[in-house]
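> Compact mmCIF, C-alpha atoms, file structure-v8.txt:
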```txt
# COMPACT_ATOMS: atom_id res chain seq x y z
CA MET S 1 66.39 -118.82 -75.85
CA LEU S 2 65.70 -122.47 -75.19
CA ILE S 3 63.20 -123.23 -72.48
CA ASP S 4 62.61 -126.44 -70.65
CA ASP S 5 59.06 -127.01 -71.83
CA GLY S 6 59.48 -130.75 -71.92
CA ARG S 7 60.18 -130.96 -75.62
CA PRO S 8 63.53 -132.39 -76.64
CA LEU S 9 66.21 -129.73 -77.03
CA PHE S 10 67.02 -130.90 -80.53
CA GLU S 11 63.42 -130.20 -81.56
CA GLN S 12 63.68 -126.72 -80.12
CA ILE S 13 66.91 -126.14 -82.03
CA ALA S 14 65.25 -127.30 -85.24
CA GLU S 15 62.22 -125.14 -84.56
CA GLN S 16 64.31 -122.08 -83.97
CA ILE S 17 66.02 -122.50 -87.32
CA GLU S 18 62.62 -123.06 -88.93
CA ARG S 19 61.47 -119.78 -87.43
CA GLN S 20 64.47 -118.03 -88.98
CA VAL S 21 63.64 -119.54 -92.34
CA LEU S 22 60.01 -118.48 -91.97
CA ASP S 23 60.79 -114.88 -91.08
CA GLY S 24 63.48 -114.63 -93.73
CA THR S 25 66.44 -114.17 -91.37
CA LEU S 26 67.82 -117.28 -93.03
CA ALA S 27 67.21 -116.92 -96.75
CA GLU S 28 66.87 -119.91 -99.03
CA GLU S 29 70.28 -121.15 -100.19
CA ALA S 30 71.91 -119.29 -97.26
CA GLN S 31 74.26 -121.21 -95.01
CA ALA S 32 72.73 -122.43 -91.75
CA PRO S 33 74.69 -122.20 -88.49
CA SER S 34 77.05 -125.12 -87.89
CA THR S 35 76.73 -127.69 -85.12
CA ASN S 36 79.51 -126.07 -83.13
CA GLU S 37 78.11 -122.56 -83.57
CA LEU S 38 74.73 -123.74 -82.34
CA ALA S 39 76.27 -125.63 -79.42
CA ALA S 40 78.31 -122.62 -78.33
CA PHE S 41 75.43 -120.19 -78.81
CA HIS S 42 72.84 -122.21 -76.91
CA GLN S 43 75.38 -123.71 -74.49
CA ILE S 44 74.23 -127.19 -75.32
CA ASN S 45 75.82 -130.50 -76.10
CA PRO S 46 77.09 -130.54 -79.71
CA ALA S 47 75.50 -133.93 -80.32
CA THR S 48 72.13 -132.37 -79.48
CA ALA S 49 72.76 -129.50 -81.89
CA ALA S 50 73.79 -131.98 -84.59
CA LYS S 51 70.58 -133.91 -84.02
CA GLY S 52 68.55 -130.72 -84.53
CA LEU S 53 70.29 -130.02 -87.84
CA GLY S 54 69.94 -133.67 -88.81
CA ALA S 55 66.18 -133.50 -88.28
CA LEU S 56 65.97 -130.51 -90.64
CA VAL S 57 68.02 -132.32 -93.28
CA ALA S 58 65.79 -135.39 -93.01
CA ASP S 59 62.85 -133.04 -93.42
CA GLY S 60 64.26 -131.40 -96.54
CA ILE S 61 64.45 -127.94 -94.95
CA LEU S 62 68.24 -127.98 -95.03
CA TYR S 63 70.64 -129.82 -97.26
CA LYS S 64 74.24 -130.75 -96.81
CA LYS S 65 77.11 -129.57 -98.98
CA ARG S 66 79.91 -131.96 -98.36
CA GLY S 67 82.80 -130.34 -96.54
CA ILE S 68 81.16 -126.92 -96.47
CA GLY S 69 78.10 -127.09 -94.26
CA MET S 70 74.32 -126.97 -94.24
CA PHE S 71 72.24 -124.75 -96.46
CA VAL S 72 68.57 -123.79 -96.61
CA SER S 73 66.77 -125.67 -99.38
CA THR S 74 64.92 -123.81 -102.10
CA GLY S 75 61.22 -124.07 -101.32
CA ALA S 76 61.87 -124.58 -97.60
CA ARG S 77 59.96 -121.46 -96.60
CA GLU S 78 56.86 -122.39 -98.60
CA LYS S 79 56.98 -125.89 -97.18
CA LEU S 80 57.14 -124.59 -93.61
CA LEU S 81 54.39 -122.05 -94.22
CA SER S 82 52.01 -124.66 -95.55
CA ARG S 83 52.79 -126.97 -92.65
CA ARG S 84 52.26 -124.20 -90.11
CA ARG S 85 48.92 -123.35 -91.72
CA ASP S 86 47.86 -126.98 -91.38
CA GLU S 87 48.83 -126.98 -87.72
CA PHE S 88 47.16 -123.66 -86.99
CA ALA S 89 43.71 -125.10 -86.34
CA HIS S 90 45.01 -127.71 -83.95
CA GLU S 91 47.46 -125.47 -82.12
CA TYR S 92 45.45 -122.27 -81.86
CA VAL S 93 41.81 -122.66 -82.84
CA GLU S 94 41.02 -125.80 -80.84
CA PRO S 95 42.42 -124.45 -77.56
CA LEU S 96 40.63 -121.17 -78.22
CA LEU S 97 37.30 -122.95 -78.63
CA ALA S 98 37.90 -125.08 -75.54
CA GLN S 99 38.72 -122.08 -73.39
CA ALA S 100 35.78 -120.09 -74.76
CA GLU S 101 33.44 -122.94 -73.88
CA ARG S 102 34.86 -123.15 -70.35
CA LEU S 103 34.24 -119.42 -69.91
CA GLY S 104 30.72 -119.61 -71.31
CA ILE S 105 31.50 -117.53 -74.38
CA ASP S 106 29.21 -118.68 -77.16
CA ARG S 107 30.25 -119.06 -80.79
CA ASP S 108 28.55 -115.87 -82.01
CA HIS S 109 30.21 -113.84 -79.33
CA LEU S 110 33.57 -115.45 -80.13
CA VAL S 111 33.20 -114.75 -83.84
CA ALA S 112 32.29 -111.15 -83.04
CA MET S 113 35.40 -110.86 -80.88
CA ILE S 114 37.61 -112.12 -83.68
CA ARG S 115 35.95 -109.78 -86.20
CA GLY S 116 36.39 -106.85 -83.88
CA GLY S 117 40.05 -107.54 -83.36
CA SER S 118 40.56 -108.00 -79.63
CA ARG S 119 37.17 -107.22 -78.09
CA MET W 120 78.68 -149.94 -87.50
CA THR W 121 80.43 -151.30 -84.45
CA THR W 122 82.78 -149.14 -82.47
CA THR W 123 84.50 -150.11 -79.28
CA PRO W 124 82.76 -148.32 -76.43
CA ALA W 125 84.81 -145.77 -74.51
CA ILE W 126 83.46 -147.34 -71.32
CA GLU W 127 81.96 -150.78 -70.92
CA VAL W 128 81.13 -151.98 -67.45
CA THR W 129 79.49 -155.35 -66.88
CA GLY W 130 78.08 -156.74 -63.64
CA LEU W 131 80.42 -154.50 -61.68
CA SER W 132 80.32 -154.80 -57.90
CA ARG W 133 82.58 -153.32 -55.25
CA ARG W 134 82.27 -154.04 -51.56
CA PHE W 135 84.33 -152.58 -48.79
CA ARG W 136 84.42 -155.04 -45.87
CA GLY W 137 80.91 -156.17 -46.68
CA ALA W 138 79.51 -152.68 -47.26
CA VAL W 139 78.15 -152.47 -50.78
CA ALA W 140 79.52 -149.51 -52.74
CA LEU W 141 78.51 -150.78 -56.18
CA GLU W 142 76.20 -153.65 -57.01
CA ASP W 143 75.86 -155.23 -60.42
CA VAL W 144 76.40 -152.09 -62.46
CA ASP W 145 76.15 -152.28 -66.23
CA LEU W 146 77.10 -149.25 -68.27
CA VAL W 147 78.06 -148.56 -71.87
CA VAL W 148 79.32 -145.18 -73.05
CA GLU W 149 80.01 -144.75 -76.74
CA PRO W 150 83.08 -142.72 -77.76
CA ASP W 151 82.71 -138.95 -78.02
CA THR W 152 79.87 -138.67 -75.54
CA ILE W 153 79.52 -136.25 -72.63
CA VAL W 154 77.99 -138.21 -69.76
CA GLY W 155 76.72 -137.00 -66.41
CA LEU W 156 76.98 -139.27 -63.39
CA MET W 157 74.46 -138.42 -60.71
CA GLY W 158 73.13 -139.68 -57.44
CA ARG W 159 72.99 -138.86 -53.78
CA ASN W 160 76.03 -138.73 -51.54
CA GLY W 161 77.28 -142.25 -51.01
CA ALA W 162 75.56 -143.56 -54.14
CA GLY W 163 78.85 -144.94 -55.48
CA LYS W 164 79.85 -142.29 -58.01
CA THR W 165 83.45 -141.83 -56.89
CA THR W 166 83.92 -145.59 -56.44
CA LEU W 167 82.74 -146.13 -60.01
CA MET W 168 85.08 -143.44 -61.32
CA ALA W 169 88.07 -144.86 -59.46
CA LEU W 170 87.31 -148.28 -60.96
CA LEU W 171 87.05 -146.79 -64.45
CA ALA W 172 90.41 -145.12 -63.94
CA GLY W 173 92.02 -148.39 -62.86
CA GLN W 174 92.72 -147.00 -59.42
CA ASP W 175 90.65 -149.62 -57.62
CA PHE W 176 89.83 -153.30 -58.10
CA PRO W 177 86.34 -154.69 -58.66
CA THR W 178 85.00 -157.24 -56.20
CA SER W 179 83.37 -158.81 -59.23
CA GLY W 180 82.48 -157.85 -62.77
CA THR W 181 84.55 -156.22 -65.47
CA VAL W 182 85.62 -152.73 -66.54
CA ARG W 183 86.72 -152.11 -70.11
CA ILE W 184 88.09 -148.76 -71.26
CA PHE W 185 88.40 -148.61 -75.04
CA GLY W 186 88.07 -152.38 -74.92
CA GLU W 187 90.77 -153.04 -72.32
CA ASP W 188 91.12 -153.56 -68.59
CA PRO W 189 92.50 -150.28 -67.21
CA VAL W 190 94.29 -151.76 -64.18
CA GLU W 191 98.05 -151.27 -64.59
CA ASN W 192 97.52 -150.94 -68.30
CA ASP W 193 99.77 -148.15 -69.58
CA ALA W 194 98.20 -148.11 -73.02
CA VAL W 195 94.79 -147.39 -71.50
CA LEU W 196 96.00 -145.07 -68.77
CA ALA W 197 97.73 -142.86 -71.36
CA GLN W 198 94.29 -142.24 -72.85
CA LEU W 199 92.63 -141.43 -69.57
CA CYS W 200 92.57 -138.42 -67.29
CA PHE W 201 90.88 -138.78 -63.90
CA VAL W 202 90.50 -135.54 -61.98
CA ARG W 203 89.62 -136.30 -58.39
CA GLU W 204 87.53 -133.90 -56.39
CA ALA W 205 90.08 -133.73 -53.58
CA GLN W 206 93.18 -134.01 -55.73
CA GLN W 207 96.33 -133.90 -53.61
CA TYR W 208 99.41 -132.05 -54.80
CA PRO W 209 102.92 -132.13 -53.31
CA ASN W 210 103.74 -129.40 -50.80
CA ASN W 211 105.09 -126.21 -52.38
CA PHE W 212 103.57 -127.25 -55.68
CA ARG W 213 102.49 -124.09 -57.49
CA VAL W 214 99.88 -123.56 -60.20
CA SER W 215 102.73 -123.08 -62.68
CA HIS W 216 104.12 -126.51 -61.71
CA VAL W 217 100.80 -128.16 -62.51
CA LEU W 218 100.95 -126.61 -65.97
CA GLY W 219 104.59 -127.70 -66.31
CA ILE W 220 104.07 -131.39 -65.57
CA GLY W 221 100.90 -131.74 -67.70
CA PRO W 222 102.73 -133.00 -70.79
CA GLN W 223 104.50 -135.74 -68.79
CA PHE W 224 101.21 -137.29 -67.78
CA TYR W 225 99.12 -136.54 -70.85
CA PRO W 226 100.64 -137.01 -74.30
CA GLU W 227 97.98 -134.80 -75.91
CA TRP W 228 98.41 -131.95 -73.38
CA ASP W 229 97.43 -128.57 -74.87
CA ALA W 230 99.74 -126.07 -73.16
CA GLU W 231 98.24 -123.10 -74.95
CA LEU W 232 94.75 -123.99 -73.77
CA ALA W 233 96.00 -124.52 -70.22
CA GLU W 234 97.60 -121.07 -70.17
CA ARG W 235 94.47 -119.46 -71.55
CA LEU W 236 92.27 -121.23 -68.98
CA VAL W 237 94.49 -120.07 -66.12
CA ASP W 238 93.67 -116.53 -67.20
CA THR W 239 90.00 -117.35 -67.78
CA PHE W 240 89.65 -118.75 -64.26
CA ARG W 241 91.89 -115.99 -62.87
CA LEU W 242 94.29 -118.32 -61.12
CA PRO W 243 97.48 -116.90 -59.57
CA ARG W 244 100.30 -118.82 -61.28
CA ARG W 245 102.78 -118.37 -58.43
CA ARG W 246 100.44 -119.47 -55.65
CA GLN W 247 100.87 -122.87 -54.00
CA VAL W 248 97.99 -125.15 -54.93
CA GLN W 249 97.42 -126.19 -51.30
CA LYS W 250 96.94 -122.54 -50.37
CA LEU W 251 94.32 -121.87 -53.02
CA SER W 252 90.70 -121.57 -52.02
CA ARG W 253 88.49 -124.57 -52.64
CA GLY W 254 87.03 -123.01 -55.77
CA MET W 255 90.42 -122.16 -57.20
CA ARG W 256 91.64 -125.69 -56.54
CA ALA W 257 88.56 -126.94 -58.39
CA ALA W 258 89.58 -124.69 -61.30
CA VAL W 259 93.05 -126.30 -61.32
CA GLY W 260 91.31 -129.66 -61.76
CA VAL W 261 89.09 -128.34 -64.52
CA ILE W 262 92.10 -126.95 -66.38
CA THR W 263 93.99 -130.23 -66.02
CA GLY W 264 91.07 -132.23 -67.37
CA LEU W 265 90.35 -129.96 -70.33
CA ALA W 266 93.99 -129.40 -71.31
CA SER W 267 94.81 -133.12 -71.01
CA GLN W 268 92.80 -133.74 -74.18
CA ALA W 269 92.60 -137.33 -72.99
CA PRO W 270 90.26 -139.49 -75.09
CA LEU W 271 88.46 -140.30 -71.81
CA THR W 272 88.34 -137.55 -69.19
CA VAL W 273 86.70 -138.35 -65.88
CA PHE W 274 85.81 -135.44 -63.61
CA ASP W 275 84.67 -136.02 -60.04
CA GLU W 276 82.54 -133.02 -59.07
CA PRO W 277 84.36 -130.54 -61.32
CA VAL W 278 82.16 -127.57 -60.42
CA LEU W 279 82.06 -128.14 -56.64
CA GLY W 280 83.22 -124.91 -55.02
CA LEU W 281 83.31 -122.93 -58.26
CA ASP W 282 81.47 -119.61 -58.29
CA ALA W 283 78.53 -119.18 -60.68
CA THR W 284 80.64 -117.40 -63.30
CA SER W 285 83.33 -120.08 -63.21
CA ARG W 286 80.74 -122.83 -63.48
CA GLN W 287 79.31 -121.25 -66.61
CA LEU W 288 82.85 -120.84 -67.95
CA PHE W 289 83.43 -124.53 -67.30
CA TYR W 290 80.35 -125.60 -69.27
CA ASP W 291 81.26 -123.24 -72.11
CA GLU W 292 84.84 -124.48 -72.21
CA LEU W 293 83.70 -128.10 -72.01
CA ILE W 294 81.43 -127.65 -75.02
CA LYS W 295 84.17 -125.79 -76.87
CA ALA W 296 86.82 -128.39 -76.06
CA TYR W 297 84.48 -131.14 -77.20
CA ALA W 298 83.61 -129.28 -80.41
CA GLU W 299 87.25 -128.71 -81.31
CA HIS W 300 88.40 -132.17 -80.35
CA PRO W 301 85.55 -134.64 -79.76
CA ARG W 302 86.23 -137.11 -76.94
CA THR W 303 84.47 -138.75 -74.04
CA PHE W 304 83.78 -136.95 -70.80
CA LEU W 305 82.25 -138.46 -67.70
CA LEU W 306 81.48 -136.01 -64.94
CA SER W 307 79.68 -136.29 -61.65
CA THR W 308 77.65 -133.40 -60.30
CA HIS W 309 74.83 -132.48 -57.97
CA LEU W 310 74.00 -129.36 -60.00
CA ILE W 311 71.94 -131.35 -62.41
CA ASP W 312 69.79 -128.82 -64.23
CA GLU W 313 72.76 -126.54 -64.66
CA ALA W 314 74.81 -129.27 -66.30
CA ALA W 315 71.98 -130.95 -68.22
CA ALA W 316 72.27 -128.99 -71.47
CA ALA W 317 75.94 -129.87 -71.80
CA LEU W 318 75.27 -133.59 -71.41
CA GLU W 319 74.20 -136.18 -73.92
CA GLN W 320 73.78 -139.13 -71.58
CA VAL W 321 72.95 -139.43 -67.89
CA VAL W 322 73.52 -142.23 -65.41
CA VAL W 323 71.91 -142.05 -61.99
CA LEU W 324 73.26 -144.27 -59.25
CA ASP W 325 71.31 -145.02 -56.11
CA ARG W 326 72.85 -147.10 -53.33
CA GLY W 327 75.36 -148.60 -55.69
CA ARG W 328 72.95 -149.54 -58.44
CA VAL W 329 72.02 -147.87 -61.70
CA ALA W 330 68.63 -146.35 -60.90
CA MET W 331 68.16 -144.59 -64.22
CA SER W 332 70.20 -144.15 -67.35
CA GLY W 333 69.70 -142.84 -70.85
CA ASN W 334 69.83 -139.99 -73.28
CA VAL W 335 69.15 -136.62 -71.64
CA ASP W 336 66.42 -135.68 -74.10
CA GLU W 337 64.68 -138.98 -73.50
CA LEU W 338 64.88 -138.64 -69.73
CA ARG W 339 63.50 -135.14 -69.91
CA ARG W 340 60.49 -136.62 -71.67
CA ARG W 341 60.08 -139.48 -69.29
CA ALA W 342 57.74 -137.77 -66.88
CA SER W 343 55.21 -134.96 -66.61
CA THR W 344 53.60 -133.14 -63.75
CA LEU W 345 49.82 -133.02 -64.04
CA THR W 346 47.85 -130.55 -61.93
CA GLY W 347 44.08 -130.39 -61.89
CA PRO W 348 40.87 -131.91 -60.55
CA VAL W 349 41.56 -135.33 -59.02
CA ASP W 350 39.24 -137.29 -61.33
CA SER W 351 40.56 -135.66 -64.49
CA VAL W 352 44.16 -136.18 -63.46
CA HIS W 353 43.54 -139.84 -62.68
CA GLN W 354 41.76 -140.28 -65.98
CA LEU W 355 44.88 -139.01 -67.77
CA ILE W 356 47.26 -141.08 -65.67
CA GLY W 357 45.51 -144.35 -66.51
CA SER W 358 47.96 -147.10 -65.66
CA ALA W 359 51.13 -145.00 -65.92
CA PRO W 360 53.44 -145.24 -62.90
CA VAL W 361 53.04 -142.36 -60.44
CA LEU W 362 56.27 -141.06 -58.94
CA HIS W 363 54.73 -138.58 -56.57
CA GLN W 364 51.35 -137.12 -55.64
CA GLU W 365 50.44 -134.04 -53.65
CA PRO W 366 46.72 -133.42 -53.03
CA LEU W 367 45.22 -130.00 -52.38
CA GLY W 368 41.50 -130.15 -51.71
CA GLY W 369 39.82 -131.52 -54.84
CA TYR W 370 43.01 -130.88 -56.77
CA VAL W 371 46.06 -132.99 -57.11
CA ARG W 372 49.54 -132.50 -58.49
CA ALA W 373 50.99 -135.77 -59.73
CA THR W 374 54.37 -136.54 -61.22
CA VAL W 375 53.78 -139.38 -63.61
CA GLU W 376 55.76 -141.41 -66.09
CA LEU W 377 54.08 -139.96 -69.15
CA ALA W 378 55.81 -137.92 -71.83
CA PRO W 379 54.57 -134.31 -72.01
CA SER W 380 53.56 -134.98 -75.62
CA PRO W 381 51.28 -132.78 -77.71
CA ASP W 382 48.68 -135.55 -77.46
CA LEU W 383 48.79 -135.57 -73.65
CA ARG W 384 48.66 -131.79 -73.64
CA SER W 385 45.58 -131.59 -75.79
CA ARG W 386 43.76 -134.28 -73.82
CA ALA W 387 44.75 -132.52 -70.59
CA GLN W 388 43.60 -129.19 -71.90
CA ALA W 389 40.17 -130.58 -72.67
CA LEU W 390 39.96 -131.81 -69.05
CA GLY W 391 41.25 -128.59 -67.54
CA VAL W 392 44.50 -130.21 -66.39
CA ASP W 393 47.81 -128.39 -66.51
CA VAL W 394 50.80 -130.29 -67.93
CA ALA W 395 54.34 -129.32 -67.01
CA PRO W 396 57.58 -131.05 -67.90
CA VAL W 397 59.70 -132.53 -65.15
CA PRO W 398 63.18 -131.07 -65.20
CA LEU W 399 65.96 -133.63 -65.04
CA GLN W 400 66.91 -132.56 -61.55
CA ALA W 401 63.39 -133.13 -60.21
CA LEU W 402 63.35 -136.56 -61.82
CA VAL W 403 66.68 -137.46 -60.24
CA VAL W 404 65.46 -136.16 -56.88
CA ARG W 405 62.40 -138.41 -57.12
CA THR W 406 64.61 -141.37 -57.97
CA GLY W 407 66.69 -140.73 -54.88
CA LEU W 408 63.59 -140.82 -52.71
CA LEU W 409 62.28 -144.13 -53.94
CA GLY W 410 62.51 -147.25 -51.81
CA ALA W 411 64.90 -150.10 -52.42
CA PRO W 412 64.85 -150.98 -56.13
CA GLU W 413 63.36 -154.43 -55.54
CA ASP W 414 60.33 -153.24 -53.61
CA ASN W 415 59.61 -150.28 -55.83
CA PRO W 416 56.96 -151.06 -58.45
CA ALA W 417 57.94 -148.03 -60.54
CA SER W 418 61.43 -149.44 -61.01
CA GLU W 419 60.59 -152.34 -63.25
CA GLY W 420 62.53 -151.66 -66.40
CA ALA W 421 61.80 -147.97 -66.34
CA LEU W 422 63.03 -146.20 -63.24
```
How does this structure look as structure tokens?

Amino acid sequence: MLIDDGRPLFEQIAEQIERQVLDGTLAEEAQAPSTNELAAFHQINPATAAKGLGALVADGILYKKRGIGMFVSTGAREKLLSRRRDEFAHEYVEPLLAQAERLGIDRDHLVAMIRGGSR
Amino acid sequence: MTTTPAIEVTGLSRRFRGAVALEDVDLVVEPDTIVGLMGRNGAGKTTLMALLAGQDFPTSGTVRIFGEDPVENDAVLAQLCFVREAQQYPNNFRVSHVLGIGPQFYPEWDAELAERLVDTFRLPRRRQVQKLSRGMRAAVGVITGLASQAPLTVFDEPVLGLDATSRQLFYDELIKAYAEHPRTFLLSTHLIDEAAAALEQVVVLDRGRVAMSGNVDELRRRASTLTGPVDSVHQLIGSAPVLHQEPLGGYVRATVELAPSPDLRSRAQALGVDVAPVPLQALVVRTGLLGAPEDNPASEGAL
């Protein structure tokens, strides 16, 4: 489902397709949903859906087959995985450290928590 | 690539015996765009739509529909469908009659779609239009506009009076109609957040002037609500225009013209400030509460 978290809807559309590529729901060389399918499914403006697909094409995640539709590029999954790994520190580790500091949890304690799973 | 805009309005003003309904409105809508027209009651929405449809004369300024003046212009009017909110029908006129005369007014009329929509909206075909409930009459207008397949369809408050299910059906059918046969729709509504996802462009009128206009995604990123300790919030705001502030002890909640970007979020997080997006409706509400455009500092260029 799309949520109003302040990010453009087209980005959310693109991200949702990326997630499907990452988890294998959309295999490489499989056909991606069309603009109109996305618009109907998410109940959004078709131009917005088209923009989401366009962003993925520009990014090399999808490619266009003239007159047929959009397909997942070979290597798209690896590309997304490596990008997500790069973003992991910024998106998850930094906030974790900031929150730990605010709560007075020192580094050793934090490391122990991570080692021990959840506690 | 230059295409003739579906709608091009320049310096448009309309006064009624000195009362200003529209003042110096500029607006460009590219073909195949779904546009929302918003603003408080009396903001000038219906006046603007009547002028676009060639059903009223500007006091000054110009209206161009597909490059031409719509007034008494058959070539333009054949491409245009204007569904008024309080559309009048002749006495004894039944739902089936509305379906019957569609093709005479609209060359591209899709009779099959009209029949299907009558079932979708559960309209009684034999009932006189004047005797329908407000919501059912609204559905008649929705059906007319969608089945007309007019290259420019103008809806004045299409969902007013429709139940929640019918409103959702309207948005779904609008998106479907657009997908199957791309064209330009301009619709006014007060149910902004509900309509937002179906729209590509938004125009907000306030007291006859364009108070805000742009792509929906861009407007949704125009402002953020920051909540946190006063000093931290003010540090983040810097010189950005503040639309609204609500203090609570040492805390403050401020709606500010700053995009809720990842950068703002990470800086806010470090300061213990919460960042929330401002839904389109809240942004439009704020716009409607601002003072006259000329004495409002936040209005310069932006709002």
> Hey, which of W:Val371, W:Ala316, W:Leu383, W:Ala172 ends up closest to chain S? Count all atoms listed in the file.
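Of W:Val371, W:Ala316, W:Leu383, W:Ala172, the one nearest chain S is W:Ala316, counting all atoms listed in the file.
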> I need the residue nearest Val72 (chain S) from this list: S:Glu94, S:Glu29, S:Asp108, S:Glu101. Use all atoms listed in the file for the distance.
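When distances to Val72 (chain S) are compared using all atoms listed in the file, the smallest one comes from S:Glu29.
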> In Å, with one decimal, what is the gap from CA of Arg235 (chain W) to CA of Leu279 (chain W)?
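According to the coordinates, CA of Arg235 (chain W) and CA of Leu279 (chain W) are separated by 21.3 Å.
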> Dump as an MDAnalysis selection string the residues of chain S that approach chain W to within 7 Å, counting only C-alpha atoms.
chainID S and resid 5:9 36 40 43:47 98
> For Val404 (chain W), list every protein, DNA or RNA residue within 12 Å, evaluated using all atoms listed in the file, and leave out those in the same chain fewer than 2 positions away; present the list as a list of chain:residue names.
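The residues that qualify are W:Met157, W:Gly158, W:Arg159, W:His309, W:Leu310, W:Ile311, W:Asp312, W:Val323, W:Leu324, W:Asp325, W:Ala330, W:Met331, W:Leu362, W:His363, W:Thr374, W:Val397, W:Pro398, W:Leu399, W:Gln400, W:Ala401, W:Leu402, W:Thr406, W:Gly407, W:Leu408, W:Leu409.
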> Do you have the CA of Arg134 (chain W)-CA of Ser307 (chain W) distance handy?
20.6 Å
> Counting only C-alpha atoms, which residues have an atom no more than 9 Å from (89.6, -128.5, -64.8) in the file's coordinates? Please list them as a PyMOL selection string.
chain W and resi 202+236+256-266+274+277-278+289
> Using the block above, I'd like region 236-273 of chain W written out, keeping C-alpha atoms and formatting it as a short mmCIF file (atom, residue, chain, number, x, y, z; two decimals), in the first residue's frame.

```cif
data_model
loop_
_atom_site.label_atom_id
_atom_site.label_comp_id
_atom_site.auth_asym_id
_atom_site.auth_seq_id
_atom_site.Cartn_x
_atom_site.Cartn_y
_atom_site.Cartn_z
CA LEU W 236 -21.86 3.11 -15.34
CA VAL W 237 -25.62 3.37 -14.78
CA ASP W 238 -25.42 -0.14 -13.35
CA THR W 239 -22.22 0.61 -11.44
CA PHE W 240 -23.81 3.63 -9.75
CA ARG W 241 -27.12 1.76 -9.39
CA LEU W 242 -29.23 4.41 -11.05
CA PRO W 243 -32.89 3.69 -11.82
CA ARG W 244 -33.19 4.20 -15.59
CA ARG W 245 -36.90 5.03 -15.52
CA ARG W 246 -36.71 7.60 -12.73
CA GLN W 247 -37.05 11.31 -13.51
CA VAL W 248 -33.73 13.06 -12.97
CA GLN W 249 -35.35 15.85 -10.91
CA LYS W 250 -36.72 13.24 -8.52
CA LEU W 251 -33.39 11.56 -7.91
CA SER W 252 -31.57 12.15 -4.66
CA ARG W 253 -28.72 14.62 -4.70
CA GLY W 254 -26.15 11.83 -4.81
CA MET W 255 -27.87 10.06 -7.68
CA ARG W 256 -28.07 13.31 -9.63
CA ALA W 257 -24.34 13.73 -9.04
CA ALA W 258 -23.86 10.23 -10.48
CA VAL W 259 -25.80 11.27 -13.61
CA GLY W 260 -23.27 14.09 -14.04
CA VAL W 261 -20.33 11.76 -13.50
CA ILE W 262 -21.68 9.35 -16.11
CA THR W 263 -22.24 12.17 -18.60
CA GLY W 264 -18.71 13.47 -18.15
CA LEU W 265 -16.99 10.09 -18.39
CA ALA W 266 -19.09 8.77 -21.29
CA SER W 267 -18.72 12.04 -23.25
CA GLN W 268 -15.08 11.15 -23.90
CA ALA W 269 -14.61 14.84 -24.58
CA PRO W 270 -10.96 15.85 -25.02
CA LEU W 271 -11.57 18.38 -22.21
CA THR W 272 -14.00 17.36 -19.48
CA VAL W 273 -14.74 19.88 -16.75
#
```
